[in-house]
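Trainee: Please find my_file_8.txt (compact mmCIF, C-alpha atoms and all ligand atoms) on the next line:
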```txt
# COMPACT_ATOMS: atom_id res chain seq x y z
CA MET P 1 0.00 0.00 0.00
CA PRO P 2 1.46 3.43 -0.88
CA VAL P 3 2.25 5.53 2.17
CA LEU P 4 0.94 9.00 2.86
CA ASP P 5 3.17 11.84 1.76
CA ILE P 6 3.18 13.60 5.13
CA ASP P 7 5.72 16.23 4.01
CA LYS P 8 3.45 17.23 1.15
CA ILE P 9 0.41 17.31 3.45
CA ARG P 10 2.32 19.44 5.96
CA ARG P 11 3.10 22.01 3.28
CA ASP P 12 -0.65 22.53 2.87
CA PHE P 13 -0.95 23.78 6.48
CA PRO P 14 0.83 27.16 6.76
CA ASN P 15 0.36 27.23 10.54
CA LEU P 16 2.74 24.28 10.86
CA ALA P 17 5.55 26.62 9.82
CA THR P 18 4.75 29.14 12.57
CA ARG P 19 7.56 29.66 15.08
CA GLY P 20 6.65 29.52 18.75
CA ARG P 21 8.22 30.76 21.95
CA ASP P 22 11.94 31.61 21.59
CA ASP P 23 11.52 31.10 17.84
CA LYS P 24 11.22 27.34 18.28
CA PRO P 25 9.26 25.45 15.59
CA ILE P 26 5.76 24.74 16.85
CA ILE P 27 4.65 21.20 17.43
CA TYR P 28 0.88 21.41 17.44
CA PHE P 29 -0.69 18.71 19.60
CA ASP P 30 -3.95 20.51 20.42
CA ASN P 31 -6.00 19.18 17.54
CA ALA P 32 -8.89 17.97 19.70
CA ALA P 33 -9.47 21.63 20.60
CA THR P 34 -9.22 22.82 17.01
CA THR P 35 -7.29 21.73 13.95
CA PHE P 36 -5.09 23.80 11.65
CA LYS P 37 -6.58 24.69 8.27
CA PRO P 38 -5.09 23.85 4.86
CA CYS P 39 -4.41 26.72 2.43
CA GLN P 40 -7.29 25.50 0.27
CA VAL P 41 -9.71 26.30 3.12
CA ILE P 42 -8.05 29.62 3.90
CA ALA P 43 -8.10 30.55 0.19
CA SER P 44 -11.77 29.70 0.00
CA THR P 45 -12.63 32.07 2.86
CA HIS P 46 -10.44 34.77 1.33
CA SER P 47 -11.96 34.31 -2.09
CA HIS P 48 -15.50 34.47 -0.74
CA TYR P 49 -14.90 37.83 0.91
CA CYS P 50 -12.86 39.18 -2.03
CA HIS P 51 -15.10 38.06 -4.88
CA ARG P 52 -18.41 36.61 -3.74
CA THR P 53 -19.68 38.64 -0.80
CA ALA P 54 -23.45 38.59 -0.87
CA ASN P 55 -26.31 37.31 1.23
CA ILE P 56 -27.82 34.03 0.15
CA HIS P 57 -31.26 32.73 -0.84
CA ARG P 58 -32.81 36.18 -1.17
CA GLY P 59 -31.08 37.92 -4.03
CA VAL P 60 -31.76 37.82 -7.75
CA HIS P 61 -28.42 39.43 -8.53
CA TYR P 62 -25.38 37.56 -9.78
CA LEU P 63 -23.31 37.63 -6.58
CA SER P 64 -26.17 36.40 -4.45
CA GLU P 65 -26.87 33.57 -6.87
CA GLU P 66 -23.21 32.58 -6.89
CA ALA P 67 -22.92 32.68 -3.08
CA THR P 68 -26.15 30.66 -2.76
CA ALA P 69 -24.89 28.05 -5.22
CA GLU P 70 -21.61 27.68 -3.31
CA TYR P 71 -23.40 27.51 0.05
CA GLU P 72 -25.79 24.84 -1.20
CA SER P 73 -22.98 22.93 -2.87
CA SER P 74 -21.36 22.66 0.59
CA ARG P 75 -24.56 21.12 1.86
CA GLU P 76 -24.31 18.54 -0.91
CA LYS P 77 -20.68 17.85 0.09
CA VAL P 78 -21.72 17.30 3.73
CA ARG P 79 -24.56 15.04 2.56
CA ASP P 80 -22.11 12.96 0.57
CA PHE P 81 -19.52 13.00 3.38
CA LEU P 82 -22.00 11.62 5.93
CA GLY P 83 -23.79 9.37 3.45
CA THR P 84 -27.22 10.85 4.18
CA ARG P 85 -30.20 10.31 1.94
CA ASN P 86 -30.82 13.93 1.00
CA THR P 87 -29.73 17.47 1.70
CA PHE P 88 -32.93 18.30 3.66
CA GLU P 89 -31.37 16.38 6.50
CA ILE P 90 -28.29 18.64 6.76
CA ILE P 91 -28.71 21.73 8.95
CA PHE P 92 -25.89 24.24 9.27
CA THR P 93 -25.29 25.50 12.80
CA LYS P 94 -22.50 27.24 14.73
CA GLY P 95 -21.01 23.92 15.79
CA SER P 96 -21.56 20.70 17.75
CA THR P 97 -22.70 22.63 20.82
CA GLU P 98 -25.42 24.49 18.98
CA SER P 99 -26.49 21.33 17.16
CA ILE P 100 -27.05 19.46 20.44
CA ASN P 101 -28.83 22.46 21.95
CA LEU P 102 -31.06 22.57 18.88
CA VAL P 103 -32.13 18.94 19.38
CA ALA P 104 -32.62 19.39 23.13
CA ALA P 105 -34.62 22.58 22.68
CA SER P 106 -36.70 21.57 19.68
CA TYR P 107 -37.13 17.80 19.86
CA GLY P 108 -36.76 17.75 23.63
CA ARG P 109 -39.35 20.38 24.48
CA ARG P 110 -41.88 18.94 22.04
CA PHE P 111 -41.48 15.21 22.68
CA ILE P 112 -39.75 14.60 26.04
CA LYS P 113 -42.12 14.78 28.99
CA GLN P 114 -41.92 14.50 32.76
CA GLY P 115 -40.59 11.08 33.78
CA ASP P 116 -39.19 10.31 30.29
CA GLU P 117 -35.55 9.34 30.27
CA VAL P 118 -32.50 10.60 28.42
CA ILE P 119 -29.31 8.53 28.59
CA ILE P 120 -25.85 10.04 28.21
CA SER P 121 -22.46 8.73 29.38
CA GLU P 122 -19.91 9.57 32.01
CA MET P 123 -17.43 10.63 29.34
CA GLU P 124 -19.55 13.28 27.61
CA HIS P 125 -18.24 16.72 26.79
CA HIS P 126 -20.15 19.36 28.80
CA SER P 127 -21.96 20.28 25.59
CA ASN P 128 -23.67 16.88 25.70
CA ILE P 129 -24.55 17.17 29.40
CA VAL P 130 -25.73 20.70 30.09
CA PRO P 131 -28.40 20.96 27.33
CA TRP P 132 -30.06 17.82 28.78
CA GLN P 133 -29.88 19.24 32.30
CA LEU P 134 -31.59 22.40 31.04
CA LEU P 135 -34.26 20.19 29.47
CA ARG P 136 -34.61 18.28 32.74
CA GLU P 137 -35.24 21.55 34.58
CA GLU P 138 -37.92 22.48 32.11
CA THR P 139 -39.69 19.18 31.62
CA GLY P 140 -38.92 17.05 34.66
CA CYS P 141 -37.34 14.33 32.52
CA VAL P 142 -34.76 11.98 34.05
CA LEU P 143 -31.08 11.97 33.06
CA LYS P 144 -29.27 8.62 33.31
CA VAL P 145 -25.54 8.11 32.89
CA ILE P 146 -23.64 5.11 31.44
CA PRO P 147 -20.49 4.61 33.51
CA PHE P 148 -17.06 3.71 32.10
CA ASN P 149 -14.35 1.41 33.51
CA ASP P 150 -10.84 2.50 34.52
CA GLU P 151 -9.54 1.95 30.99
CA GLY P 152 -12.09 4.50 29.81
CA GLU P 153 -14.44 2.05 28.08
CA LEU P 154 -18.21 2.33 28.45
CA ILE P 155 -19.72 -0.53 30.46
CA LEU P 156 -22.34 -1.83 28.05
CA GLU P 157 -23.97 -4.18 30.60
CA GLU P 158 -24.75 -1.10 32.68
CA TYR P 159 -26.12 0.65 29.59
CA ARG P 160 -28.47 -2.28 28.92
CA LYS P 161 -29.77 -1.98 32.50
CA LEU P 162 -30.42 1.75 32.11
CA LEU P 163 -32.61 1.33 29.03
CA SER P 164 -36.33 1.20 29.81
CA PRO P 165 -39.68 1.79 28.11
CA ARG P 166 -39.35 5.42 29.31
CA THR P 167 -36.06 5.97 27.47
CA LYS P 168 -36.69 8.59 24.78
CA LEU P 169 -33.18 9.42 23.66
CA VAL P 170 -29.61 8.14 24.01
CA SER P 171 -27.05 10.88 23.32
CA ILE P 172 -23.53 9.59 23.13
CA VAL P 173 -20.04 10.72 22.19
CA HIS P 174 -18.38 8.74 19.40
CA VAL P 175 -14.75 9.57 20.27
CA SER P 176 -14.01 10.99 23.71
CA ASN P 177 -12.01 14.21 23.60
CA SER P 178 -10.39 13.60 26.99
CA LEU P 179 -9.82 9.81 26.90
CA GLY P 180 -9.47 9.12 23.19
CA THR P 181 -11.87 6.16 23.50
CA VAL P 182 -13.72 5.19 20.33
CA ASN P 183 -17.14 4.06 21.52
CA PRO P 184 -19.08 1.23 19.85
CA VAL P 185 -21.80 3.65 18.76
CA LYS P 186 -23.37 1.25 16.26
CA ASP P 187 -24.15 -1.23 19.07
CA ILE P 188 -25.29 1.59 21.35
CA ILE P 189 -27.68 2.87 18.66
CA ARG P 190 -29.02 -0.64 17.94
CA LEU P 191 -29.79 -1.17 21.63
CA ALA P 192 -31.42 2.27 21.89
CA HIS P 193 -33.66 1.48 18.92
CA ALA P 194 -34.55 -1.94 20.34
CA ALA P 195 -35.78 -0.12 23.46
CA GLY P 196 -37.82 2.27 21.31
CA ALA P 197 -35.49 5.26 21.86
CA LEU P 198 -33.74 7.60 19.45
CA ALA P 199 -29.97 7.98 19.28
CA LEU P 200 -27.83 11.09 18.85
CA VAL P 201 -24.11 10.77 18.05
CA ASP P 202 -21.68 13.50 19.07
CA ALA P 203 -19.16 13.17 16.25
CA ALA P 204 -17.16 16.31 17.17
CA GLN P 205 -13.95 14.25 17.46
CA SER P 206 -14.80 11.21 15.33
CA VAL P 207 -15.47 13.22 12.20
CA SER P 208 -11.72 13.65 11.72
CA HIS P 209 -10.87 10.17 12.98
CA ALA P 210 -12.48 7.88 10.40
CA PRO P 211 -15.19 8.07 7.71
CA ILE P 212 -18.75 8.22 9.01
CA ASP P 213 -21.76 6.65 7.31
CA VAL P 214 -24.99 7.66 9.01
CA LYS P 215 -27.02 5.13 7.03
CA ASP P 216 -24.81 2.36 8.35
CA LEU P 217 -24.84 3.75 11.91
CA ASP P 218 -28.59 4.35 11.64
CA CYS P 219 -28.34 7.21 14.15
CA ASP P 220 -31.28 9.60 14.32
CA PHE P 221 -29.14 12.70 14.87
CA LEU P 222 -25.43 13.37 14.44
CA VAL P 223 -23.49 16.55 15.16
CA PHE P 224 -20.04 17.87 14.34
CA SER P 225 -18.04 21.12 14.17
CA GLY P 226 -16.21 22.41 11.10
CA HIS P 227 -13.17 23.62 13.03
CA LYS P 228 -12.24 20.12 14.20
CA LEU P 229 -12.31 18.92 10.58
CA TYR P 230 -9.68 21.35 9.21
CA GLY P 231 -12.45 23.86 8.48
CA PRO P 232 -13.31 27.27 9.96
CA THR P 233 -14.65 28.06 13.41
CA GLY P 234 -18.25 29.14 13.88
CA VAL P 235 -19.80 26.54 11.61
CA GLY P 236 -21.09 23.05 12.25
CA VAL P 237 -23.65 20.51 11.23
CA LEU P 238 -26.72 18.79 12.58
CA TYR P 239 -27.81 15.73 10.67
CA GLY P 240 -31.30 14.49 11.51
CA LYS P 241 -33.58 11.94 9.88
CA GLU P 242 -36.04 13.80 7.67
CA LYS P 243 -39.18 12.50 9.39
CA LEU P 244 -37.90 13.62 12.79
CA LEU P 245 -36.80 17.04 11.59
CA GLU P 246 -40.20 17.48 9.95
CA SER P 247 -41.93 16.74 13.24
CA MET P 248 -39.81 19.21 15.24
CA PRO P 249 -40.69 22.88 15.81
CA PRO P 250 -38.20 25.58 14.74
CA TYR P 251 -35.35 26.29 17.12
CA GLN P 252 -35.13 30.01 16.39
CA GLY P 253 -37.43 32.39 14.56
CA GLY P 254 -36.37 34.98 12.00
CA GLY P 255 -35.60 35.52 8.35
CA ASP P 256 -35.07 32.63 5.92
CA MET P 257 -36.91 30.11 8.10
CA ILE P 258 -40.35 31.30 6.98
CA LEU P 259 -42.53 31.03 3.89
CA SER P 260 -44.91 33.78 4.92
CA VAL P 261 -45.47 36.03 7.91
CA THR P 262 -48.55 37.93 8.96
CA PHE P 263 -49.27 39.22 12.44
CA GLU P 264 -51.81 36.44 12.78
CA LYS P 265 -49.77 33.51 11.55
CA THR P 266 -46.37 32.47 10.27
CA ILE P 267 -45.85 29.57 7.90
CA PHE P 268 -42.45 27.99 8.31
CA ASN P 269 -40.10 27.22 5.48
CA ARG P 270 -39.39 23.63 4.41
CA LEU P 271 -36.35 21.68 5.57
CA PRO P 272 -33.52 22.43 6.06
CA TYR P 273 -34.27 26.18 6.08
CA LYS P 274 -36.81 25.85 8.90
CA PHE P 275 -33.80 25.44 11.22
CA GLU P 276 -31.55 28.10 9.69
CA ALA P 277 -32.98 31.41 10.92
CA GLY P 278 -31.11 34.59 10.00
CA THR P 279 -28.00 35.11 7.94
CA PRO P 280 -25.76 32.08 8.44
CA ASN P 281 -21.99 31.87 8.44
CA ILE P 282 -21.90 31.88 4.63
CA ALA P 283 -18.12 31.99 4.20
CA GLY P 284 -17.77 29.38 6.96
CA VAL P 285 -20.16 26.94 5.31
CA ILE P 286 -18.46 27.35 1.93
CA SER P 287 -15.02 26.81 3.48
CA LEU P 288 -16.27 23.78 5.40
CA GLY P 289 -17.16 22.33 1.99
CA GLU P 290 -13.58 22.99 0.93
CA ALA P 291 -12.27 21.23 4.06
CA ILE P 292 -14.38 18.19 3.20
CA SER P 293 -13.02 18.21 -0.36
CA TYR P 294 -9.50 18.35 1.10
CA VAL P 295 -10.08 15.33 3.36
CA ASN P 296 -11.84 13.44 0.56
CA ASN P 297 -8.75 13.83 -1.60
CA LEU P 298 -6.69 11.87 0.93
CA ASP P 299 -6.89 8.10 1.17
CA ALA P 300 -9.04 7.28 4.21
CA GLY P 301 -7.47 3.84 4.67
CA GLN P 302 -3.98 5.32 4.69
CA LEU P 303 -5.02 8.02 7.15
CA ILE P 304 -6.43 5.44 9.55
CA ALA P 305 -3.30 3.27 9.28
CA TYR P 306 -1.05 6.28 9.85
CA LYS P 307 -2.98 7.46 12.91
CA LYS P 308 -2.74 3.94 14.34
CA GLU P 309 1.03 4.17 13.94
CA LEU P 310 1.04 7.54 15.71
CA LEU P 311 -1.08 6.07 18.50
CA ALA P 312 1.23 3.09 19.01
CA HIS P 313 4.35 5.24 18.86
CA GLY P 314 2.90 7.79 21.27
CA HIS P 315 2.01 5.13 23.82
CA LYS P 316 5.49 3.64 23.48
CA VAL P 317 7.49 6.84 23.99
CA LEU P 318 5.19 8.27 26.66
CA SER P 319 5.24 5.03 28.67
CA GLN P 320 8.99 5.59 29.10
CA VAL P 321 8.52 9.00 30.74
CA PRO P 322 9.09 8.55 34.49
CA GLY P 323 5.99 9.00 36.66
CA LEU P 324 3.63 9.38 33.68
CA ARG P 325 0.20 7.74 34.04
CA MET P 326 -2.00 7.52 30.97
CA ILE P 327 -5.65 8.39 31.55
CA GLY P 328 -7.63 6.49 28.93
CA THR P 329 -6.21 3.19 27.76
CA ALA P 330 -9.17 1.75 25.84
CA LYS P 331 -8.51 -0.91 23.22
CA GLU P 332 -10.16 1.26 20.57
CA LYS P 333 -8.53 4.68 20.70
CA ALA P 334 -7.87 7.76 18.61
CA PRO P 335 -4.39 9.34 18.94
CA ILE P 336 -5.32 11.38 22.01
CA PHE P 337 -2.95 11.06 24.95
CA SER P 338 -4.33 12.30 28.25
CA PHE P 339 -1.99 11.87 31.17
CA VAL P 340 -0.82 12.99 34.59
CA ILE P 341 2.74 13.06 35.90
CA GLU P 342 3.36 12.30 39.53
CA GLY P 343 4.12 15.42 41.56
CA ILE P 344 3.59 17.94 38.73
CA HIS P 345 0.38 19.84 38.10
CA ALA P 346 -0.97 19.44 34.58
CA HIS P 347 -0.79 23.22 33.98
CA ASP P 348 2.91 23.19 34.86
CA ILE P 349 3.48 20.39 32.36
CA GLY P 350 1.73 22.46 29.68
CA THR P 351 3.75 25.57 30.48
CA LEU P 352 7.06 23.71 30.54
CA VAL P 353 6.61 21.87 27.24
CA ASP P 354 5.39 25.10 25.64
CA ARG P 355 8.91 26.44 26.27
CA GLU P 356 10.13 23.62 24.02
CA GLY P 357 7.61 24.59 21.33
CA VAL P 358 5.01 21.91 22.06
CA ALA P 359 1.37 23.05 22.22
CA ILE P 360 -0.77 20.77 24.37
CA ARG P 361 -3.93 21.37 26.40
CA THR P 362 -4.25 21.04 30.14
CA GLY P 363 -7.23 20.97 32.47
CA HIS P 364 -10.55 19.14 32.48
CA HIS P 365 -11.18 19.48 28.73
CA CYS P 366 -14.87 20.28 29.38
CA THR P 367 -15.31 16.78 30.79
CA GLN P 368 -15.30 17.34 34.54
CA PRO P 369 -17.11 14.02 35.28
CA VAL P 370 -14.20 12.18 33.61
CA MET P 371 -11.77 13.93 35.96
CA LYS P 372 -14.02 13.10 38.91
CA HIS P 373 -13.97 9.41 37.92
CA PHE P 374 -10.17 9.36 38.20
CA GLY P 375 -10.06 11.67 41.23
CA ILE P 376 -7.88 14.25 39.49
CA PRO P 377 -8.40 17.95 38.72
CA GLY P 378 -7.22 17.65 35.16
CA THR P 379 -4.81 16.07 32.69
CA ALA P 380 -2.24 17.14 30.15
CA ARG P 381 -3.56 16.18 26.73
CA ALA P 382 -1.71 15.75 23.45
CA SER P 383 -4.14 15.23 20.57
CA LEU P 384 -2.74 14.44 17.14
CA ALA P 385 -3.87 14.98 13.56
CA PHE P 386 -2.66 13.35 10.34
CA TYR P 387 -0.09 16.10 9.78
CA ASN P 388 1.73 15.19 13.01
CA THR P 389 4.72 12.86 12.99
CA LYS P 390 6.52 10.28 15.10
CA GLU P 391 9.51 12.64 15.25
CA GLU P 392 7.29 15.25 16.87
CA LEU P 393 6.22 12.65 19.44
CA ASP P 394 9.90 11.92 20.17
CA ILE P 395 10.59 15.64 20.68
CA PHE P 396 7.54 15.83 22.94
CA ALA P 397 8.73 12.90 25.07
CA ALA P 398 12.19 14.54 25.34
CA ALA P 399 10.51 17.84 26.30
CA LEU P 400 8.57 16.04 29.04
CA ASN P 401 11.73 14.42 30.38
CA LYS P 402 13.50 17.78 30.40
CA SER P 403 10.49 19.44 32.08
CA ILE P 404 10.41 16.83 34.82
CA LYS P 405 14.11 17.49 35.51
CA VAL P 406 13.63 21.28 35.50
CA PHE P 407 10.65 20.93 37.81
CA HIS P 408 12.45 18.79 40.34
CA ASP P 409 15.74 20.78 40.29
N1 LIG M 501 -18.19 17.24 21.81
C1 LIG M 501 -16.91 16.88 21.90
C2 LIG M 501 -16.55 15.44 22.06
C3 LIG M 501 -15.91 17.84 21.82
O1 LIG M 501 -14.63 17.48 21.92
C4 LIG M 501 -16.28 19.19 21.68
C5 LIG M 501 -15.24 20.25 21.68
O2 LIG M 501 -14.14 20.06 22.11
C6 LIG M 501 -17.63 19.52 21.57
C7 LIG M 501 -18.57 18.52 21.64
C8 LIG M 501 -18.08 20.93 21.39
O3 LIG M 501 -17.65 21.40 20.14
P1 LIG M 501 -17.81 22.96 19.76
O4 LIG M 501 -17.16 23.72 20.86
O5 LIG M 501 -17.11 23.06 18.45
O6 LIG M 501 -19.27 23.22 19.65
```
Could you express the structure from this file as structure tokens?
Ligand code: PLP
Mentor:
Amino acid sequence: MPVLDIDKIRRDFPNLATRGRDDKPIIYFDNAATTFKPCQVIASTHSHYCHRTANIHRGVHYLSEEATAEYESSREKVRDFLGTRNTFEIIFTKGSTESINLVAASYGRRFIKQGDEVIISEMEHHSNIVPWQLLREETGCVLKVIPFNDEGELILEEYRKLLSPRTKLVSIVHVSNSLGTVNPVKDIIRLAHAAGALALVDAAQSVSHAPIDVKDLDCDFLVFSGHKLYGPTGVGVLYGKEKLLESMPPYQGGGDMILSVTFEKTIFNRLPYKFEAGTPNIAGVISLGEAISYVNNLDAGQLIAYKKELLAHGHKVLSQVPGLRMIGTAKEKAPIFSFVIEGIHAHDIGTLVDREGVAIRTGHHCTQPVMKHFGIPGTARASLAFYNTKEELDIFAAALNKSIKVFHD
């Protein structure tokens, strides 16, 4: 099998050439927070504002038609990327957080009643916890939580016990941003459906990990953010099955989501526009389409194989760092390394390796229940993308060793 040309890929990401503190080359290991963008994506944003600035859907003039065509062609790219049946099922939002809030506010308020149950897991990002707590406050529904074991794997026997005839929705993260665990979402969805519940997949991290096919997963909703897929910030996607989206009330009211308005009555627009009130992030949506084209041009099989190599190499070199304890050692993992080092606060680790040019994240990563499980305030987290290399991991391990020495001297 031909190997990926990582040097060529790296040249597409101008940010990889940025110099960091003390003019050191930057090693960017904070990809779970946001990824760098290839020049094709940056050029697309630039070109939109230079040559195609116009509002969409409402204009009869040339620029508006062009911008609308590009915006809608992005929707088609997302449809193809997720393998959905039609473009009505693709709603553009601000990101994963807004997509989950949309489902909780619209589907939740209409269909989830007092005593109904929503199941999430112990490893959810706060954005897949808080919207359901807000719904609980409003409706009196019950929130149940699937626990995970000390490797960071969901305990499916416990999940089976939580399912009941009152379960309305199971909302689950596909790849954990703080543990790296890849959850068996297909099984989780199948069990949810067998219990008569719907399933939402938080694909914020998994969207850049491996190809997603919503028809194969058979999830009812799926969310992701553009900025974690080499696209711009401020844009994301909600996929929902057409029948469900049809049955849901609008999330926000305003322009573009209506067919007609009188003071007596408003008739809502058809899908997907019913859920896209106001002027959207036009340049963002168009550039997200460009990010998808970029990823589609790479060989998915090779990307997966390469990330597996990075994962194995990372575990090997980090296991040799004295006092380092990996948090999240599931069998199925993305190249996300969350760890603590005996006697050194995670923030100090982050600050010390930053001096060596390595950008990692420290803290609870918006997953405080995960930290509570392990009885720690936070971790240091290195999260890798396909443009990272084994050499960078070696430099990182050396930077950690040096930091430990500096700290103890
Ligand atoms: N879900 C997971 C697993 C995440 O990692 C994140 C962000 O880190 C989110 C949801 C929220 O994404 P956003 O802030 O782009 O809405």
Trainee: Using all atoms listed in the file, determine which residues fall within 9 Å of ligand LIG 501 (chain M), then list them as a ChimeraX atom specification.
Mentor: /P:32-34,94-100,123-128,173-178,202-206,223-228,233-236,365-367
Trainee: Tell me, as an MDAnalysis selection string, which residues lie within 6 Å of Leu384 (chain P), counting only C-alpha atoms; anything in the same chain fewer than 5 positions away does not count.
Mentor: chainID P and resid 29 31 335
Trainee: Please measure the separation of CA of Glu76 (chain P) and CA of Gly240 (chain P), giving the value in Å to one decimal.
Mentor: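 Computed distance, CA of Glu76 (chain P) to CA of Gly240 (chain P), equals 14.8 Å.
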Trainee: Hey, can you check how far CA of Ile258 (chain P) sits from CA of Lys241 (chain P)?
Mentor: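 Interatomic distance, CA of Ile258 (chain P) to CA of Lys241 (chain P): 20.7 Å.
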Trainee: When distances are computed from all atoms listed in the file, which of P:His313, P:Arg19, P:Asp216, P:Ile349 shows the smallest separation from Gly83 (chain P)?
Mentor: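 Ranking P:His313, P:Arg19, P:Asp216, P:Ile349 by distance to Gly83 (chain P), first place goes to P:Asp216.
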Trainee: I want to know what sits within 12 Å of region 302-305 of chain P, based on all atoms listed in the file, with residues of the same chain fewer than 6 positions away left out; could you give that as a ChimeraX atom specification?
Mentor: /P:1-6,9,206,208-211,295-296,311-312,333-335,385-388
Trainee: Could you check how far CA of Arg52 (chain P) sits from CA of Met257 (chain P), in Å to one decimal?
Mentor: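 So the two atoms, CA of Arg52 (chain P) and CA of Met257 (chain P), lie 22.9 Å apart.
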Trainee: So, counting all atoms listed in the file, which residue among P:Ile267, P:Leu154, P:Leu16, P:Ile327 is closest to Val182 (chain P)?
Mentor: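 Comparing P:Ile267, P:Leu154, P:Leu16, P:Ile327 against Val182 (chain P), the winner is P:Leu154.
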Trainee: Extract, using all atoms listed in the file, all DNA, RNA and protein residues at most 9 Å from Val317 (chain P), discarding same-chain residues fewer than 5 positions from it, and format them as a VMD selection string.
Mentor: chain P and resid 312 393 to 394 397
Trainee: What's the 10 Å shell around Gly357 (chain P), counting only C-alpha atoms, without same-chain residues fewer than 6 positions away, as a list in words?
Mentor: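 Once the nearby chain positions are removed, what remains is Arg19, Gly20, Arg21, Asp22, Asp23, Lys24, Pro25, Ile26, Ile27, Tyr28, Thr351, Ile395, Phe396 and Ala399 of chain P.
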Trainee: Would you save the residues of that selection, restricted to C-alpha atoms, as a PDB file, keeping the file's coordinate frame?
Mentor:
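Generated output (selection_3.pdb):
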```pdb
ATOM      1  CA  ARG P  19       7.560  29.660  15.080  1.00  0.00           C
ATOM      2  CA  GLY P  20       6.650  29.520  18.750  1.00  0.00           C
ATOM      3  CA  ARG P  21       8.220  30.760  21.950  1.00  0.00           C
ATOM      4  CA  ASP P  22      11.940  31.610  21.590  1.00  0.00           C
ATOM      5  CA  ASP P  23      11.520  31.100  17.840  1.00  0.00           C
ATOM      6  CA  LYS P  24      11.220  27.340  18.280  1.00  0.00           C
ATOM      7  CA  PRO P  25       9.260  25.450  15.590  1.00  0.00           C
ATOM      8  CA  ILE P  26       5.760  24.740  16.850  1.00  0.00           C
ATOM      9  CA  ILE P  27       4.650  21.200  17.430  1.00  0.00           C
ATOM     10  CA  TYR P  28       0.880  21.410  17.440  1.00  0.00           C
ATOM     11  CA  THR P 351       3.750  25.570  30.480  1.00  0.00           C
ATOM     12  CA  ILE P 395      10.590  15.640  20.680  1.00  0.00           C
ATOM     13  CA  PHE P 396       7.540  15.830  22.940  1.00  0.00           C
ATOM     14  CA  ALA P 399      10.510  17.840  26.300  1.00  0.00           C
TER      15      ALA P 399
END
```
Trainee: Show me, as lines of an AutoDock Vina configuration file, the centre and edge lengths in Å to one decimal of the axis-aligned box that covers every listed atom of region 54-59 of chain P with 8 Å on each side.
Mentor:
```
center_x = -28.1
center_y = 35.7
center_z = -1.4
size_x = 25.4
size_y = 21.9
size_z = 21.3
```
Trainee: Can you pull out every residue within 8 Å of Pro377 (chain P), counting all atoms listed in the file, but drop anything in the same chain fewer than 5 positions away, and send it as a list of chain:residue names?
Mentor: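 So the residues in contact are P:Gly363, P:His364, P:Met371, P:Lys372.
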Trainee: With all atoms listed in the file as the basis for distance, which of P:Thr139, P:Thr35, P:Thr167, P:Gln114 is at the shortest distance from Gly196 (chain P)?
Mentor: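 Looking at the shortest contact to Gly196 (chain P), the residue is P:Thr167.
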Trainee: Here's a test: counting all atoms listed in the file, identify every protein, DNA and RNA residue with an atom at most 12 Å from (-1.4, 17.1, 41.3) in the file's coordinate frame, and state them as a list in words.
Mentor: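 Here is the list of nearby residues: Gly323, Leu324, Arg325, Phe339, Val340, Ile341, Glu342, Gly343, Ile344, His345, Ala346, His347, Asp348, Ile349, Gly363, Gly375, Ile376, Pro377, Gly378, Thr379 and Ala380 of chain P.
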Trainee: Taking into account all atoms listed in the file, which residue in the set P:Ala283, P:Glu158, P:Thr262, P:Asp30 is nearest to His51 (chain P)?
Mentor: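 For His51 (chain P), the nearest of the candidates is P:Ala283.
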Trainee: Which residue is closest to Tyr230 (chain P)? Choose from P:Pro38, P:Gly115, P:Pro147, P:Pro14 and count all atoms listed in the file.
Mentor: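 Closest to Tyr230 (chain P) of all the choices is P:Pro38.
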Trainee: Could you check the closest approach to Gly289 (chain P) for each of P:Val60, P:Leu259, P:Ile360, P:Val237 and tell me which residue wins, using all atoms listed in the file?
Mentor: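 Closest candidate: P:Val237.
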Trainee: Missing atoms in region 67-72 of chain P need filling: write out N, CA, C and O atoms for it as a compact mmCIF listing (two decimals), in the frame of the given file.
Mentor:
```txt
# COMPACT_ATOMS: atom_id res chain seq x y z
N ALA P 67 -23.15 33.04 -4.49
CA ALA P 67 -22.92 32.68 -3.08
C ALA P 67 -23.89 31.57 -2.66
O ALA P 67 -23.52 30.63 -1.95
N THR P 68 -25.15 31.69 -3.10
CA THR P 68 -26.15 30.66 -2.76
C THR P 68 -25.74 29.31 -3.33
O THR P 68 -25.81 28.28 -2.64
N ALA P 69 -25.28 29.31 -4.57
CA ALA P 69 -24.89 28.05 -5.22
C ALA P 69 -23.73 27.42 -4.46
O ALA P 69 -23.71 26.20 -4.21
N GLU P 70 -22.76 28.24 -4.03
CA GLU P 70 -21.61 27.68 -3.31
C GLU P 70 -22.03 27.16 -1.94
O GLU P 70 -21.56 26.12 -1.48
N TYR P 71 -22.90 27.91 -1.29
CA TYR P 71 -23.40 27.51 0.05
C TYR P 71 -24.13 26.17 -0.07
O TYR P 71 -23.89 25.23 0.69
N GLU P 72 -25.01 26.07 -1.06
CA GLU P 72 -25.79 24.84 -1.20
C GLU P 72 -24.93 23.69 -1.71
O GLU P 72 -25.19 22.53 -1.42
```
